Amino acid sequence: MNFWIAIGVTALGCYAVKLAGLLVPAGVLERPVVRRLAALLPVALLAALTAQQTFAEGHALVLDARAAGLGAAAVALVLRAPFLVVVGVAVAVTAGLRAVTG
């Protein structure tokens, strides 16, 4: 039963956040600080998620094939490779290192 309560509370919370966003006056959304924050926040959250998924395993900090794949993707980005090539390089390096190291 607690599971369904959690689902209901989460659904209501999501609805409340959506409603709060719709109730914000347009003048507030047009401020330069708010616009800049709205542009940078998704990038910061994605970077934090990438770092957490790459360098963490449970509560431990690890450096393994995932870190090498991220490094290879960074090099591909510096070389201005297309996005699909960047992803492919990261996958190939990560998979290759995992195959070699077991």
# chains A, B, ... in the order shown; residues from 1 in each chain; ligands from 1

call {"tool": "residues_around", "arguments": {"residues": "region 57-65 of chain A", "least_positions_apart": "5", "cutoff": "9 Å", "atoms": "only C-alpha atoms", "output": "list in words"}}
result
Gln52, Leu70, Val93, Thr94, Ala95, Gly96, Leu97, Arg98 and Thr101 of chain A

call {"tool": "select_by_dssp", "arguments": {"residues": "region 16-79 of chain A", "states": "strand (DSSP E)", "output": "ChimeraX atom specification"}}
result
/A:56-57,60-61

call {"tool": "write_last_selection", "arguments": {"atoms": "all heavy atoms", "output": "PDB file, in the first residue's frame"}}
result
ATOM      1  N   ALA A  56      31.541   7.009 -10.234  1.00  0.00           N
ATOM      2  CA  ALA A  56      31.049   6.483  -8.955  1.00  0.00           C
ATOM      3  C   ALA A  56      30.523   5.070  -9.124  1.00  0.00           C
ATOM      4  O   ALA A  56      29.925   4.724 -10.139  1.00  0.00           O
ATOM      5  CB  ALA A  56      29.943   7.370  -8.403  1.00  0.00           C
ATOM      6  N   GLU A  57      30.798   4.265  -8.118  1.00  0.00           N
ATOM      7  CA  GLU A  57      30.224   2.923  -8.036  1.00  0.00           C
ATOM      8  C   GLU A  57      29.835   2.715  -6.578  1.00  0.00           C
ATOM      9  O   GLU A  57      30.695   2.498  -5.727  1.00  0.00           O
ATOM     10  CB  GLU A  57      31.230   1.874  -8.493  1.00  0.00           C
ATOM     11  CG  GLU A  57      30.606   0.509  -8.682  1.00  0.00           C
ATOM     12  CD  GLU A  57      31.541  -0.425  -9.411  1.00  0.00           C
ATOM     13  OE1 GLU A  57      32.001  -0.071 -10.514  1.00  0.00           O
ATOM     14  OE2 GLU A  57      31.816  -1.500  -8.858  1.00  0.00           O
ATOM     15  N   ALA A  60      31.892   4.598  -3.727  1.00  0.00           N
ATOM     16  CA  ALA A  60      33.324   4.646  -4.010  1.00  0.00           C
ATOM     17  C   ALA A  60      33.597   5.400  -5.311  1.00  0.00           C
ATOM     18  O   ALA A  60      32.791   5.391  -6.237  1.00  0.00           O
ATOM     19  CB  ALA A  60      33.881   3.230  -4.124  1.00  0.00           C
ATOM     20  N   LEU A  61      34.745   6.041  -5.339  1.00  0.00           N
ATOM     21  CA  LEU A  61      35.225   6.709  -6.541  1.00  0.00           C
ATOM     22  C   LEU A  61      36.061   5.706  -7.331  1.00  0.00           C
ATOM     23  O   LEU A  61      36.973   5.091  -6.782  1.00  0.00           O
ATOM     24  CB  LEU A  61      36.080   7.921  -6.161  1.00  0.00           C
ATOM     25  CG  LEU A  61      36.700   8.716  -7.305  1.00  0.00           C
ATOM     26  CD1 LEU A  61      35.598   9.383  -8.120  1.00  0.00           C
ATOM     27  CD2 LEU A  61      37.650   9.761  -6.755  1.00  0.00           C
TER      28      LEU A  61
END

call {"tool": "select_by_dssp", "arguments": {"residues": "chain A", "states": "alpha helix (DSSP H)", "output": "MDAnalysis selection string"}}
result
chainID A and resid 2:23 26:29 32:55 65:78 83:101

call {"tool": "atom_distance", "arguments": {"atom1": "CA of Leu84 (chain A)", "atom2": "CA of Leu37 (chain A)"}}
result
27.9 Å

call {"tool": "atom_distance", "arguments": {"atom1": "CA of Leu41 (chain A)", "atom2": "CA of Val91 (chain A)"}}
result
26.4 Å
